[in-house]
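What follows is a short report on a single structure.
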Amino acid sequence: MGLNLLALGDIEWTLYITFSTIFIIVLFLTALVTIIIVLFQKSNSDGIQGITASSETFFGKNRGQSIEAKLKKWTWVCLGILAVLSIASYIIGVIVS
């Protein structure tokens, strides 16, 4: 911890701890959701593909493509949230310490 943390008042210290805790919890949950979303995506190999297998009908094929597109979109959204929260947490830590 930096020397500036010792100079913080009670309110500032409470706010710092609160925001740090919230950032860590949201980062953990977002990372967990990202892992789950990536596991449900269709892979190029035959490994975990059984989870997302769909029927071979016309509607099944189109449904699978739309689900894959949504999973890819949500993967990028979760990764963006992870990046923003990580950078924000680092900046707050540098400013305070």
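Just remember, in the structure tokens the first chain shown is A, the second B, etc., residues are 1-based per chain, and ligands are 1-based in the order shown.
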
All residues 8 Å or closer to Leu82 in chain A, only C-alpha atoms, same chain fewer than 5 positions away omitted, as a PDB file with N, CA, C and O atoms, in the first residue's frame:
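The resulting file, around.pdb, is shown below:
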```pdb
ATOM      1  N   LEU A  27     -15.756  -8.291 -11.665  1.00  0.00           N
ATOM      2  CA  LEU A  27     -14.736  -8.919 -12.516  1.00  0.00           C
ATOM      3  C   LEU A  27     -14.806 -10.437 -12.428  1.00  0.00           C
ATOM      4  O   LEU A  27     -14.739 -11.137 -13.449  1.00  0.00           O
ATOM      5  N   THR A  30     -18.039 -11.653 -14.208  1.00  0.00           N
ATOM      6  CA  THR A  30     -17.920 -11.507 -15.653  1.00  0.00           C
ATOM      7  C   THR A  30     -16.966 -12.550 -16.234  1.00  0.00           C
ATOM      8  O   THR A  30     -17.230 -13.115 -17.301  1.00  0.00           O
ATOM      9  N   ALA A  31     -15.874 -12.816 -15.539  1.00  0.00           N
ATOM     10  CA  ALA A  31     -14.943 -13.846 -16.003  1.00  0.00           C
ATOM     11  C   ALA A  31     -15.612 -15.219 -15.995  1.00  0.00           C
ATOM     12  O   ALA A  31     -15.433 -16.015 -16.933  1.00  0.00           O
TER      13      ALA A  31
END
```

Problem set entry | Separation of CA of Ser86 in chain A from CA of Phe23 in chain A in Å |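 Spanning CA of Phe23 in chain A to CA of Ser86 in chain A is a straight-line distance of 8.1 Å.
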
Exercise. Any idea what's packed within 9 Å of Glu68 in chain A, counting only C-alpha atoms, ignoring anything in its chain fewer than 6 positions away? Could you give it as JSON, numbers by chain?
Worked result: {"A": [40, 41, 42]}

For the selection you just gave me, I'd like the residues written to a file as a compact mmCIF listing (two decimals), in the first residue's frame, keeping N, CA, C and O atoms.
```
# COMPACT_ATOMS: atom_id res chain seq x y z
N PHE A 40 -19.81 -23.06 -24.20
CA PHE A 40 -21.00 -23.43 -24.95
C PHE A 40 -20.88 -23.17 -26.44
O PHE A 40 -21.72 -23.62 -27.21
N GLN A 41 -19.84 -22.48 -26.87
CA GLN A 41 -19.67 -22.23 -28.30
C GLN A 41 -19.23 -23.49 -29.01
O GLN A 41 -18.53 -24.32 -28.45
N LYS A 42 -19.62 -23.57 -30.26
CA LYS A 42 -19.28 -24.74 -31.06
C LYS A 42 -17.79 -24.70 -31.38
O LYS A 42 -17.25 -23.70 -31.82
```
